[in-house]
Structure formats: C-alpha cells, structure tokens
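Source file target-v5.tsv; content: TSV, C-alpha atoms and all ligand atoms.
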```tsv
chain	number	residue	atom	x	y	z
A	1	MET	CA	97.99	57.09	142.42
A	2	SER	CA	98.50	60.13	140.27
A	3	ASP	CA	101.53	60.39	138.05
A	4	PHE	CA	102.65	63.41	140.03
A	5	LEU	CA	102.54	61.51	143.36
A	6	GLN	CA	104.26	58.46	141.89
A	7	ARG	CA	107.07	60.59	140.52
A	8	ASN	CA	107.63	62.37	143.82
A	9	LEU	CA	107.53	59.16	145.90
A	10	TYR	CA	110.25	57.86	143.61
A	11	PHE	CA	112.44	60.88	144.27
A	12	LEU	CA	111.72	60.68	148.02
A	13	ALA	CA	112.78	57.03	148.03
A	14	LEU	CA	115.99	57.91	146.21
A	15	ALA	CA	116.77	60.64	148.73
A	16	ILE	CA	116.20	58.30	151.71
A	17	TRP	CA	118.23	55.51	150.09
A	18	GLY	CA	121.37	57.39	150.93
A	19	CYS	CA	124.31	59.51	149.88
A	20	GLY	CA	126.23	58.61	146.80
A	21	VAL	CA	123.04	57.87	144.89
A	22	ALA	CA	122.76	60.25	141.97
A	23	PHE	CA	119.62	62.30	142.42
A	24	VAL	CA	118.47	62.55	138.84
A	25	TRP	CA	115.58	64.28	137.19
A	26	PRO	CA	114.82	64.90	133.56
A	27	VAL	CA	116.20	68.07	132.06
A	28	PRO	CA	115.57	68.73	128.36
A	29	GLY	CA	118.72	67.79	126.48
A	30	GLY	CA	120.63	67.36	129.71
A	31	ARG	CA	119.66	64.02	131.17
A	32	ALA	CA	121.71	63.25	134.28
A	33	ALA	CA	121.31	59.52	133.77
A	34	GLU	CA	123.41	59.84	130.62
A	35	ARG	CA	127.16	59.79	130.89
A	36	PRO	CA	129.15	62.31	128.89
A	37	ARG	CA	132.04	61.06	126.82
A	38	ASN	CA	133.65	64.48	126.46
A	39	VAL	CA	133.87	67.45	128.81
A	40	ILE	CA	134.40	71.09	127.85
A	41	LEU	CA	135.20	72.95	131.06
A	42	ILE	CA	134.98	76.72	130.57
A	43	ILE	CA	136.48	78.86	133.32
A	44	GLY	CA	136.00	82.61	133.49
A	45	ASP	CA	138.84	83.76	135.73
A	46	GLY	CA	137.32	86.20	138.21
A	47	MET	CA	133.84	85.76	136.70
A	48	GLY	CA	131.21	86.27	139.37
A	49	LEU	CA	127.48	86.55	138.82
A	50	THR	CA	127.79	90.34	138.57
A	51	GLN	CA	130.35	90.12	135.75
A	52	LEU	CA	127.90	87.94	133.77
A	53	THR	CA	125.02	90.26	134.61
A	54	ALA	CA	127.02	93.35	133.62
A	55	ALA	CA	127.84	91.88	130.22
A	56	ARG	CA	124.18	90.93	129.68
A	57	PHE	CA	122.84	94.35	130.67
A	58	SER	CA	125.47	96.19	128.66
A	59	ARG	CA	123.78	94.96	125.49
A	60	ARG	CA	120.28	94.39	124.29
A	61	LYS	CA	120.40	90.84	122.98
A	62	PRO	CA	120.64	87.47	124.74
A	63	MET	CA	124.01	85.90	125.39
A	64	HIS	CA	125.11	82.32	124.83
A	65	PHE	CA	125.50	81.58	128.55
A	66	GLU	CA	121.71	81.99	128.78
A	67	ARG	CA	121.42	78.78	126.73
A	68	MET	CA	122.80	76.75	129.67
A	69	GLN	CA	120.20	74.52	131.35
A	70	VAL	CA	121.36	73.83	134.89
A	71	VAL	CA	122.60	76.36	137.44
A	72	GLY	CA	124.63	75.75	140.57
A	73	LEU	CA	126.73	77.80	142.97
A	74	VAL	CA	130.33	77.09	143.90
A	75	LYS	CA	132.16	77.87	147.15
A	76	THR	CA	135.69	78.84	146.22
A	77	HIS	CA	137.82	79.15	149.39
A	78	SER	CA	141.26	77.55	149.40
A	79	ALA	CA	142.97	75.42	152.07
A	80	ASP	CA	144.63	78.41	153.73
A	81	ASN	CA	142.45	81.39	152.83
A	82	LEU	CA	138.77	82.26	152.61
A	83	ILE	CA	139.74	84.19	149.49
A	84	THR	CA	141.33	81.91	146.93
A	85	ASP	CA	143.72	82.74	144.14
A	86	SER	CA	143.51	81.25	140.65
A	87	ALA	CA	146.17	78.64	141.39
A	88	ALA	CA	144.34	77.00	144.32
A	89	GLY	CA	140.97	77.56	142.64
A	90	ALA	CA	142.01	75.78	139.45
A	91	THR	CA	143.79	72.99	141.35
A	92	ALA	CA	140.47	72.27	143.10
A	93	PHE	CA	138.83	71.73	139.69
A	94	ALA	CA	141.80	69.84	138.23
A	95	CYS	CA	142.61	67.55	141.18
A	96	GLY	CA	139.62	67.75	143.51
A	97	CYS	CA	141.61	68.89	146.52
A	98	LYS	CA	141.80	72.14	148.45
A	99	THR	CA	145.32	73.49	148.45
A	100	TYR	CA	147.13	76.66	149.52
A	101	ASN	CA	147.07	79.86	147.48
A	102	HIS	CA	149.84	79.90	144.81
A	103	ALA	CA	149.95	76.07	144.51
A	104	VAL	CA	149.48	74.63	141.01
A	105	GLY	CA	148.73	70.90	140.71
A	106	VAL	CA	150.00	70.08	144.20
A	107	ASP	CA	148.06	69.37	147.41
A	108	SER	CA	148.25	71.34	150.66
A	109	LEU	CA	151.43	69.45	151.60
A	110	GLY	CA	153.05	70.26	148.25
A	111	ARG	CA	152.65	66.75	146.82
A	112	PRO	CA	151.71	66.40	143.11
A	113	CYS	CA	148.01	65.60	142.73
A	114	ARG	CA	146.53	63.54	139.90
A	115	SER	CA	144.59	65.79	137.55
A	116	LEU	CA	141.57	65.11	135.36
A	117	PHE	CA	143.92	65.53	132.41
A	118	GLU	CA	146.33	62.84	133.60
A	119	GLU	CA	143.44	60.51	134.24
A	120	MET	CA	141.94	61.13	130.79
A	121	GLU	CA	145.33	60.59	129.12
A	122	ALA	CA	145.87	57.35	131.09
A	123	ARG	CA	142.50	56.09	129.86
A	124	GLY	CA	143.41	56.69	126.23
A	125	GLY	CA	141.50	59.94	125.81
A	126	CYS	CA	142.80	63.31	124.70
A	127	THR	CA	143.24	66.64	126.48
A	128	GLY	CA	143.38	70.27	125.49
A	129	VAL	CA	143.83	73.75	126.91
A	130	VAL	CA	142.89	77.11	125.41
A	131	VAL	CA	143.62	80.25	127.43
A	132	THR	CA	143.86	83.98	126.80
A	133	SER	CA	146.89	84.31	129.10
A	134	ALA	CA	150.25	82.58	128.87
A	135	VAL	CA	149.79	78.80	128.98
A	136	THR	CA	152.11	78.84	132.01
A	137	HIS	CA	149.68	81.04	133.98
A	138	ALA	CA	148.02	79.72	137.14
A	139	THR	CA	144.81	78.22	135.75
A	140	PRO	CA	146.29	76.18	132.87
A	141	ALA	CA	149.29	75.30	135.07
A	142	ALA	CA	146.98	73.67	137.64
A	143	PHE	CA	145.84	71.24	134.93
A	144	LEU	CA	149.21	70.70	133.20
A	145	ALA	CA	151.90	71.06	135.88
A	146	HIS	CA	152.85	70.27	139.46
A	147	GLU	CA	154.71	73.15	141.06
A	148	ALA	CA	154.83	74.52	144.60
A	149	HIS	CA	154.43	78.10	143.38
A	150	ARG	CA	152.55	79.55	140.41
A	151	THR	CA	155.41	81.90	139.47
A	152	ARG	CA	157.78	79.05	138.52
A	153	TYR	CA	156.90	79.74	134.87
A	154	PHE	CA	159.98	78.10	133.34
A	155	HIS	CA	159.45	74.93	135.40
A	156	ILE	CA	155.75	74.97	134.47
A	157	ALA	CA	156.72	75.12	130.77
A	158	ALA	CA	158.92	72.03	131.27
A	159	ASP	CA	156.03	70.28	133.04
A	160	ILE	CA	153.74	71.11	130.10
A	161	VAL	CA	156.16	69.36	127.72
A	162	HIS	CA	155.78	66.20	129.82
A	163	SER	CA	152.02	66.55	130.38
A	164	GLY	CA	150.93	64.73	127.24
A	165	VAL	CA	148.47	67.53	126.40
A	166	ASP	CA	147.23	67.10	122.82
A	167	TYR	CA	145.95	70.60	122.00
A	168	LEU	CA	147.45	73.76	123.43
A	169	VAL	CA	146.50	77.35	122.58
A	170	GLY	CA	147.60	80.46	124.45
A	171	GLY	CA	150.52	82.81	125.00
A	172	GLY	CA	153.81	82.26	126.79
A	173	LEU	CA	156.17	81.22	123.99
A	174	LYS	CA	159.04	82.95	125.81
A	175	TYR	CA	158.94	80.45	128.69
A	176	PHE	CA	159.60	77.66	126.18
A	177	VAL	CA	162.41	79.22	124.17
A	178	GLU	CA	164.11	81.98	126.15
A	179	ARG	CA	165.42	79.84	128.97
A	180	GLU	CA	168.34	79.94	131.35
A	181	ASP	CA	168.91	76.21	130.82
A	182	GLY	CA	169.35	76.90	127.09
A	183	ALA	CA	166.70	74.33	126.12
A	184	ASP	CA	164.29	74.97	123.26
A	185	LEU	CA	161.10	73.39	124.57
A	186	LYS	CA	159.32	74.23	121.34
A	187	ASP	CA	161.63	71.68	119.74
A	188	SER	CA	161.00	69.26	122.62
A	189	LEU	CA	157.29	69.43	121.86
A	190	ARG	CA	158.04	68.75	118.18
A	191	TRP	CA	160.19	65.72	119.03
A	192	GLN	CA	157.16	64.37	120.84
A	193	GLY	CA	155.15	64.55	117.66
A	194	MET	CA	153.39	67.82	118.34
A	195	LYS	CA	152.91	70.22	115.46
A	196	VAL	CA	153.82	73.66	116.83
A	197	ARG	CA	152.75	76.93	115.25
A	198	THR	CA	153.02	80.46	116.58
A	199	PHE	CA	151.39	83.84	116.00
A	200	LYS	CA	154.25	84.53	113.57
A	201	ASP	CA	152.93	81.74	111.30
A	202	GLY	CA	149.55	83.42	110.91
A	203	PRO	CA	146.16	82.99	112.55
A	204	LEU	CA	144.90	79.70	113.94
A	205	SER	CA	143.22	77.60	111.25
A	206	TRP	CA	142.04	74.05	110.64
A	207	SER	CA	144.41	73.65	107.68
A	208	GLN	CA	147.38	74.05	110.10
A	209	MET	CA	146.27	71.21	112.34
A	210	ARG	CA	144.52	68.91	109.88
A	211	ARG	CA	147.17	66.19	109.66
A	212	ALA	CA	148.65	66.61	113.15
A	213	SER	CA	148.19	64.10	115.97
A	214	ARG	CA	148.96	66.81	118.57
A	215	PHE	CA	148.88	70.53	117.99
A	216	ALA	CA	150.00	73.74	119.70
A	217	TRP	CA	149.52	77.37	118.68
A	218	PHE	CA	151.38	79.96	120.70
A	219	ALA	CA	149.31	83.10	120.46
A	220	ALA	CA	151.86	85.51	121.94
A	221	TRP	CA	155.38	85.88	123.29
A	222	ASN	CA	153.99	86.47	126.80
A	223	HIS	CA	150.31	87.27	127.40
A	224	PRO	CA	147.97	87.72	124.43
A	225	SER	CA	146.44	91.16	123.94
A	226	ALA	CA	143.02	92.04	125.40
A	227	ALA	CA	139.69	91.44	123.65
A	228	GLU	CA	139.33	95.22	123.79
A	229	THR	CA	142.36	95.63	121.54
A	230	GLY	CA	141.32	93.11	118.93
A	231	ARG	CA	142.07	89.61	120.26
A	232	ASN	CA	139.29	87.48	118.79
A	233	TRP	CA	140.46	83.85	118.43
A	234	LEU	CA	138.99	82.30	121.59
A	235	ALA	CA	135.77	81.04	119.98
A	236	ARG	CA	137.64	79.76	116.91
A	237	ALA	CA	140.18	77.97	119.13
A	238	THR	CA	137.24	76.38	120.98
A	239	THR	CA	135.50	75.14	117.83
A	240	LEU	CA	138.71	73.85	116.25
A	241	GLY	CA	139.86	72.35	119.57
A	242	ALA	CA	136.67	70.36	120.12
A	243	ARG	CA	136.81	69.09	116.53
A	244	PHE	CA	140.52	68.24	116.79
A	245	LEU	CA	140.19	66.44	120.13
A	246	SER	CA	137.16	64.40	119.09
A	247	THR	CA	139.22	63.11	116.13
A	248	CYS	CA	142.30	62.62	118.33
A	249	ALA	CA	140.36	60.68	120.95
A	250	GLY	CA	138.68	58.39	118.44
A	251	GLY	CA	135.67	57.92	120.71
A	252	GLN	CA	137.73	57.51	123.92
A	253	GLY	CA	136.68	60.95	125.17
A	254	PHE	CA	138.39	64.25	125.74
A	255	VAL	CA	138.64	67.03	128.30
A	256	LEU	CA	139.05	70.54	126.91
A	257	MET	CA	139.63	73.40	129.36
A	258	ILE	CA	138.89	76.88	128.03
A	259	GLU	CA	139.80	79.91	130.11
A	260	GLY	CA	138.75	83.53	129.70
A	261	SER	CA	141.88	84.51	131.60
A	262	GLN	CA	141.64	88.28	131.41
A	263	ILE	CA	138.19	88.77	132.96
A	264	ASP	CA	140.17	88.71	136.21
A	265	TRP	CA	142.47	91.46	134.98
A	266	GLY	CA	139.48	93.71	134.31
A	267	GLY	CA	138.37	93.10	137.91
A	268	HIS	CA	141.81	93.87	139.33
A	269	ALA	CA	141.87	97.08	137.29
A	270	ASN	CA	138.30	97.94	138.42
A	271	ASP	CA	137.53	98.47	134.74
A	272	LEU	CA	133.91	97.74	133.80
A	273	HIS	CA	134.41	98.08	130.05
A	274	PHE	CA	137.47	95.79	130.05
A	275	THR	CA	135.59	93.20	132.12
A	276	VAL	CA	132.52	93.28	129.89
A	277	ARG	CA	134.60	92.91	126.69
A	278	GLU	CA	136.34	89.84	128.16
A	279	ILE	CA	133.00	88.28	129.22
A	280	GLU	CA	131.65	88.89	125.70
A	281	ASP	CA	134.74	87.19	124.26
A	282	LEU	CA	134.29	84.18	126.55
A	283	ASP	CA	130.58	84.10	125.70
A	284	GLN	CA	131.46	83.56	122.04
A	285	ALA	CA	133.51	80.54	123.15
A	286	ILE	CA	130.56	79.30	125.24
A	287	GLY	CA	128.41	79.54	122.09
A	288	ALA	CA	131.03	77.62	120.10
A	289	ALA	CA	131.20	74.90	122.77
A	290	LEU	CA	127.39	74.58	122.90
A	291	ASP	CA	127.16	74.40	119.10
A	292	PHE	CA	129.71	71.56	119.12
A	293	ALA	CA	127.96	69.79	122.01
A	294	GLU	CA	124.53	70.05	120.37
A	295	ALA	CA	125.84	68.44	117.20
A	296	ASP	CA	127.97	65.86	119.04
A	297	GLY	CA	125.45	64.66	121.64
A	298	HIS	CA	128.10	63.20	123.98
A	299	THR	CA	129.65	66.37	125.34
A	300	LEU	CA	129.02	67.98	128.71
A	301	VAL	CA	129.70	71.73	128.81
A	302	LEU	CA	130.41	73.37	132.18
A	303	VAL	CA	130.88	77.11	132.65
A	304	THR	CA	132.18	78.35	135.98
A	305	ALA	CA	134.82	80.51	137.66
A	306	ASP	CA	137.69	80.04	140.07
A	307	HIS	CA	136.60	83.10	142.09
A	308	GLU	CA	135.09	86.56	141.70
A	309	THR	CA	137.40	89.57	141.24
A	310	GLY	CA	136.74	93.17	142.21
A	311	GLY	CA	133.65	92.83	144.41
A	312	MET	CA	131.76	94.18	141.42
A	313	SER	CA	128.22	95.56	141.71
A	314	ILE	CA	125.64	97.26	139.50
A	315	PRO	CA	124.33	100.14	141.65
A	316	PRO	CA	121.83	102.88	140.77
A	317	PRO	CA	121.46	104.86	138.62
A	318	SER	CA	122.51	102.03	136.24
A	319	ARG	CA	120.14	101.40	133.37
A	320	MET	CA	120.10	98.98	130.46
A	321	GLY	CA	123.09	99.66	128.26
A	322	HIS	CA	124.49	102.27	130.65
A	323	LEU	CA	125.93	100.70	133.79
A	324	VAL	CA	127.60	102.53	136.64
A	325	GLU	CA	131.11	101.25	137.32
A	326	ALA	CA	131.33	100.02	140.94
A	327	PHE	CA	133.92	97.79	142.59
A	328	SER	CA	134.60	97.23	146.30
A	329	THR	CA	138.19	95.95	146.05
A	330	ASN	CA	140.98	95.45	143.54
A	331	SER	CA	141.49	91.90	144.82
A	332	HIS	CA	139.54	88.65	144.63
A	333	THR	CA	136.49	88.08	146.86
A	334	ALA	CA	135.02	85.05	148.65
A	335	THR	CA	131.55	85.29	147.08
A	336	MET	CA	130.16	82.10	145.56
A	337	VAL	CA	130.46	81.85	141.78
A	338	PRO	CA	127.99	80.48	139.22
A	339	LEU	CA	128.24	77.01	137.69
A	340	LEU	CA	126.28	76.49	134.47
A	341	ALA	CA	125.89	73.08	132.86
A	342	TRP	CA	124.59	71.74	129.54
A	343	GLY	CA	124.54	68.26	128.05
A	344	PRO	CA	124.58	64.65	129.27
A	345	GLY	CA	125.01	64.67	133.05
A	346	ALA	CA	124.27	68.39	133.39
A	347	ALA	CA	121.65	67.88	136.10
A	348	ALA	CA	124.37	66.61	138.46
A	349	PHE	CA	125.67	70.18	138.71
A	350	GLY	CA	122.63	71.86	140.24
A	351	GLY	CA	122.81	72.97	143.88
A	352	ILE	CA	125.49	74.45	146.08
A	353	MET	CA	128.87	72.76	146.19
A	354	ASP	CA	132.53	73.21	146.97
A	355	ASN	CA	134.89	73.69	144.03
A	356	THR	CA	136.39	70.27	144.83
A	357	GLU	CA	132.94	68.74	144.42
A	358	VAL	CA	132.81	69.85	140.78
A	359	HIS	CA	135.81	67.58	140.20
A	360	ALA	CA	134.24	64.73	142.20
A	361	ARG	CA	130.94	64.93	140.29
A	362	LEU	CA	132.76	65.00	136.97
A	363	ARG	CA	134.74	61.87	137.87
A	364	ARG	CA	131.57	60.05	138.95
A	365	LEU	CA	129.80	61.00	135.73
A	366	LEU	CA	132.73	59.81	133.65
A	367	GLY	CA	132.61	56.50	135.52
A	368	TRP	CA	136.10	56.92	137.02
A	401	ZN	ZN	143.28	87.52	139.98
```
Translate this structure into structure tokens?
Ligand SMILES: [Zn+2]
Amino acid sequence: MSDFLQRNLYFLALAIWGCGVAFVWPVPGGRAAERPRNVILIIGDGMGLTQLTAARFSRRKPMHFERMQVVGLVKTHSADNLITDSAAGATAFACGCKTYNHAVGVDSLGRPCRSLFEEMEARGGCTGVVVTSAVTHATPAAFLAHEAHRTRYFHIAADIVHSGVDYLVGGGLKYFVEREDGADLKDSLRWQGMKVRTFKDGPLSWSQMRRASRFAWFAAWNHPSAAETGRNWLARATTLGARFLSTCAGGQGFVLMIEGSQIDWGGHANDLHFTVREIEDLDQAIGAALDFAEADGHTLVLVTADHETGGMSIPPPSRMGHLVEAFSTNSHTATMVPLLAWGPGAAAFGGIMDNTEVHARLRRLLGW
C-alpha cells in the first residue's frame, strides 16, 4: 500500500470512529497532537476579512497575520440576535455560551458563567488582558466580570478587582477612582499585591513590572487615544505581558487576551483610514505574540474577531495602495469572521465553527 493511501485510510478511520475524536494532521510548527501550555487570544473588535484585506492592500509589504498557519471561519450570532454585539461575542469566547446582546460574563438567563480566566486561575495559572479601550469595556468585561449589562462600568471595575487577573493594560482609570461609592479601587488592587502604574507615571516598561507578582498599567483616564493619533503601546504591552505571565505562571500556563478595541470604532464611523491604522496596530501585536510563541514553543496564538463592523467592502476602482472607502452600514454585521491559529494545537481551529466552539476547542486542547 502506498504511503499516500495508508495515510488517508488512517484519517478515514478516525473520521468514522466518531465525534469527539480530534481530527489531527501535521501542520509545520503547529501540530494539533501537541497541547499548548499558554494561550494568547487576540481579538480584533469588528475585524472582518475585509478589514484585514484592506490593511494588507493599503501597503506593499506582508503583514504579520500572514504568518498564521491555520485558517477557520467563525459564526458570531448571539442568543437573541443574528447580529451580535461585543458583549455577547466576547462572552461566547470567554465562557463558551451564547448569551443576549449587552451581557458580559453571564448566560442567557443572566447567571454568571465560568470563564477561561477563572478556570486558568483555579488551576494555578496566570491571566492577563491588554486592550486599547477602557478595561471596563465589553470585550475585557466578558472575561473579567459578570454583569447583566455592559454599561455597568463601575460594577465591572469592582468585578475586575475580584477577578484575580495578573496583568492588566488599558484605559478606564476613572471607573476605579472616581466612584459614587467613594472607594479607590486602585488602592484595592494594591492591597491585593498588584503593582499599579498609570499613564502619568510614564510609558509601559519592563523595569516597572520586573519585581511585581501582579501588574496593572492604566493607559488613560477613559479610552486611550487612537493609533492614528499616536497610540503605539499595544505590541510592547503584548511582548511584556507574555514575558511577565510566563514568569508569573512558573510553567502552569497562562491566558493572555489582547484586543484591538478600536477597529470597531473605525467601522462604526465608516472610516477606512481609521480602520486600517487600527488593524496595522493590532498586526504589530500579532507579530509580537508570534515572536514570543516561536521562542517559547508552548504557546498557541489565536487571532479572531467578535463580529464584523460596517459591512466593509473593497469595490472598484480600488487599486493597490489606493482603496475606495465603502461601507454598507454603521452597525455590526452577521458575516462570518476569520480565525487564524499558530502553534501547538493550531490545527484544531481549521473549519467553520460557532464562536462558542472556539472556547470548547481551547478547553479540550488545554486538557480541561
Ligand atoms: Zn461595535
């Protein structure tokens, strides 16, 4: 029997054997049979395939997301709407359940759901969040909080204090210190052994976090500025975060969620240039994550989105470097979004799946 036939009979047998059996095939540097120890989950808020394409065709050199090995597609609808919002979309990744739009870290009945972060913390690993919005915004809140509505920012800040998160970078300082209940949650974080720095203390650097067991850097009072106006710390926060969490976890594993939060805002504004600048910023973070993962060898990198925003297209007479701005809505859309994977277990993320399935496959790969 030829090698080719033998190999394909093996795969056929696996497929007939039944569901729940990992269908694995060799991918260079991304062997599905290997289990990752660490996960870097990169979410481009509102990042559809067109947003990625627009960034790529706005410039003449390859982008880091093109280094990813495995490609899948994700269905994003929520429990109550074909068109999800970021809250339900991120809760699907964090908890593995479909919930209603506006829900963060709760199921469709409003009950708190157990997140990947809580599970990693319970198993002795470490967790981190880096976002270019306030840390109380919908996507990070789905991982760090349990609230019936995404706009309960002051409650979400209190939930974050109790989340056990080990590395926190983003805006939203005001929700921690300018509170009706008079509490200074920045101090509460410090009492828990977290070293807290803000944009007033200077840029994010390794020397700030070197001797800390947990670390937070508040990048802005509310939302950080746009990449277009000079915000440039996302890649650095990714590199430093992966390094910090691998030390923190001491081999127990970590989950680091990175969000390019403002890609969505470019879509809502129907602003091609804004969108492309935010994708380029996130792409630098993707490069930083891949560089870490290549050196580390135990880290799975996933790049995906909660939904597409703007119904963006690239119509004629677009040409390389000169795209025509075209959007069909200033809201989110129901189109499937890309899922790119690199590293041990990456092959498990090929194919078409629900957003909740991304969570389920991650848990299986981690052996949970
Ligand atoms: Zn949005």
- Please, which residues have at least one atom within 10 Å of an atom of ligand ZN 401 (chain A), using only C-alpha atoms and all ligand atoms, listed as a PyMOL selection string? chain A and resi 45-46+84-87+138+261-268+306-310+330-333
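Using all atoms listed in the file, the shortest contact distance between Gly124 (chain A) and any of A:Pro140, A:Leu41, A:His77, A:Gln252 is found at A:Gln252.
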- Message: When you count only C-alpha atoms, which of these residues is closest to Thr76 (chain A): A:Cys97, A:Leu282, A:Ala134, A:Val324?
- Response: A:Cys97
- Which one is closest to Val71 (chain A): A:Val255, A:Leu49, A:Ala92, A:Ala269? Count only C-alpha atoms.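 Residue with the minimum atom-to-atom distance to Val71 (chain A): A:Leu49.
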- Query: Residues at most 8 Å from Arg60 (chain A), counting only C-alpha atoms, excluding those fewer than 3 positions away in the same chain, as number ranges by chain?
  - Reply: A: 56-57, 320-321
Write out, as a compact mmCIF listing (two decimals), in the coordinates of the input, the residues just selected, with C-alpha atoms.
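The resulting part38.txt:
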```txt
# COMPACT_ATOMS: atom_id res chain seq x y z
CA ARG A 56 124.18 90.93 129.68
CA PHE A 57 122.84 94.35 130.67
CA MET A 320 120.10 98.98 130.46
CA GLY A 321 123.09 99.66 128.26
```
Where does region 99-165 of chain A meet region 178-190 of chain A within 9 Å, residue by residue, with the nearest atom pair and distance in Å to one decimal for each, counting all atoms listed in the file, listed by chain and rising number, as a Markdown table?
```
| residue | atom | partner | partner_atom | distance |
| --- | --- | --- | --- | --- |
| A:Phe154 | CA | A:Arg179 | CA | 7.2 |
| A:Ala157 | CA | A:Leu185 | CA | 7.8 |
| A:Ala158 | CA | A:Leu185 | CA | 7.2 |
| A:Val161 | CA | A:Leu189 | CA | 6.0 |
| A:His162 | CA | A:Leu189 | CA | 8.7 |
```
- Best match for closeness to Ala54 (chain A) among A:Thr132, A:Thr356, A:Ser328, A:Ser318, counting all atoms listed in the file: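 When distances to Ala54 (chain A) are compared using all atoms listed in the file, the smallest one comes from A:Ser318.
Checking A:Glu294, A:Glu278, A:Asp159, A:Asp271 one by one against Thr229 (chain A), counting only C-alpha atoms, you find the shortest gap at A:Glu278.
Minimum atom-to-atom distance to Arg152 (chain A), evaluated using all atoms listed in the file, belongs to A:Thr136 out of A:Phe65, A:Val301, A:Thr136, A:Arg59.
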Extract, using all atoms listed in the file, all DNA, RNA and protein residues at most 9 Å from region 230-246 of chain A, discarding same-chain residues fewer than 5 positions from it, and format them as a short mmCIF file (atom, residue, chain, number, x, y, z; two decimals) with C-alpha atoms, keeping the file's coordinate frame.
```
data_model
loop_
_atom_site.label_atom_id
_atom_site.label_comp_id
_atom_site.auth_asym_id
_atom_site.auth_seq_id
_atom_site.Cartn_x
_atom_site.Cartn_y
_atom_site.Cartn_z
CA ASN A 38 133.65 64.48 126.46
CA ILE A 40 134.40 71.09 127.85
CA GLY A 125 141.50 59.94 125.81
CA CYS A 126 142.80 63.31 124.70
CA THR A 127 143.24 66.64 126.48
CA GLY A 128 143.38 70.27 125.49
CA VAL A 129 143.83 73.75 126.91
CA VAL A 130 142.89 77.11 125.41
CA VAL A 131 143.62 80.25 127.43
CA THR A 132 143.86 83.98 126.80
CA ASP A 166 147.23 67.10 122.82
CA TYR A 167 145.95 70.60 122.00
CA LEU A 168 147.45 73.76 123.43
CA VAL A 169 146.50 77.35 122.58
CA PRO A 203 146.16 82.99 112.55
CA LEU A 204 144.90 79.70 113.94
CA SER A 205 143.22 77.60 111.25
CA TRP A 206 142.04 74.05 110.64
CA MET A 209 146.27 71.21 112.34
CA ARG A 210 144.52 68.91 109.88
CA SER A 213 148.19 64.10 115.97
CA ARG A 214 148.96 66.81 118.57
CA PHE A 215 148.88 70.53 117.99
CA PRO A 224 147.97 87.72 124.43
CA SER A 225 146.44 91.16 123.94
CA GLY A 251 135.67 57.92 120.71
CA GLN A 252 137.73 57.51 123.92
CA GLY A 253 136.68 60.95 125.17
CA PHE A 254 138.39 64.25 125.74
CA VAL A 255 138.64 67.03 128.30
CA LEU A 256 139.05 70.54 126.91
CA ILE A 258 138.89 76.88 128.03
CA GLU A 259 139.80 79.91 130.11
CA GLY A 260 138.75 83.53 129.70
CA ASP A 281 134.74 87.19 124.26
CA LEU A 282 134.29 84.18 126.55
CA ASP A 283 130.58 84.10 125.70
CA GLN A 284 131.46 83.56 122.04
CA ALA A 285 133.51 80.54 123.15
CA ILE A 286 130.56 79.30 125.24
CA GLY A 287 128.41 79.54 122.09
CA ALA A 288 131.03 77.62 120.10
CA ALA A 289 131.20 74.90 122.77
CA ASP A 291 127.16 74.40 119.10
CA PHE A 292 129.71 71.56 119.12
CA ALA A 293 127.96 69.79 122.01
#
```
- Task: Take CA of Leu339 (chain A) and CA of Gly72 (chain A) and report the distance between them in Å, one decimal.
- Result: 4.8 Å
For a cut-off of 10 Å around (154.0, 80.8, 125.7), file coordinates, pick out all residues using all atoms listed in the file and list them as a compact mmCIF listing (two decimals) with C-alpha atoms, in the coordinates of the input.
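Just written: result_13.txt:
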```txt
# COMPACT_ATOMS: atom_id res chain seq x y z
CA SER A 133 146.89 84.31 129.10
CA ALA A 134 150.25 82.58 128.87
CA VAL A 135 149.79 78.80 128.98
CA THR A 136 152.11 78.84 132.01
CA HIS A 137 149.68 81.04 133.98
CA TYR A 153 156.90 79.74 134.87
CA ALA A 157 156.72 75.12 130.77
CA LEU A 168 147.45 73.76 123.43
CA VAL A 169 146.50 77.35 122.58
CA GLY A 170 147.60 80.46 124.45
CA GLY A 171 150.52 82.81 125.00
CA GLY A 172 153.81 82.26 126.79
CA LEU A 173 156.17 81.22 123.99
CA LYS A 174 159.04 82.95 125.81
CA TYR A 175 158.94 80.45 128.69
CA PHE A 176 159.60 77.66 126.18
CA VAL A 177 162.41 79.22 124.17
CA LYS A 186 159.32 74.23 121.34
CA THR A 198 153.02 80.46 116.58
CA TRP A 217 149.52 77.37 118.68
CA PHE A 218 151.38 79.96 120.70
CA ALA A 219 149.31 83.10 120.46
CA ALA A 220 151.86 85.51 121.94
CA TRP A 221 155.38 85.88 123.29
CA ASN A 222 153.99 86.47 126.80
CA HIS A 223 150.31 87.27 127.40
CA PRO A 224 147.97 87.72 124.43
```
- Task: Considering all atoms listed in the file, return as a list in words whatever protein or nucleic-acid residues lie within 10 Å of Leu323 (chain A), sequence-local ones (same chain, fewer than 3 positions apart) excluded.
- Result: Ala54, Ala55, Phe57, Ser58, Leu272, His273, Ser313, Ile314, Pro315, Pro316, Pro317, Ser318, Arg319, Met320 and Ala326 of chain A
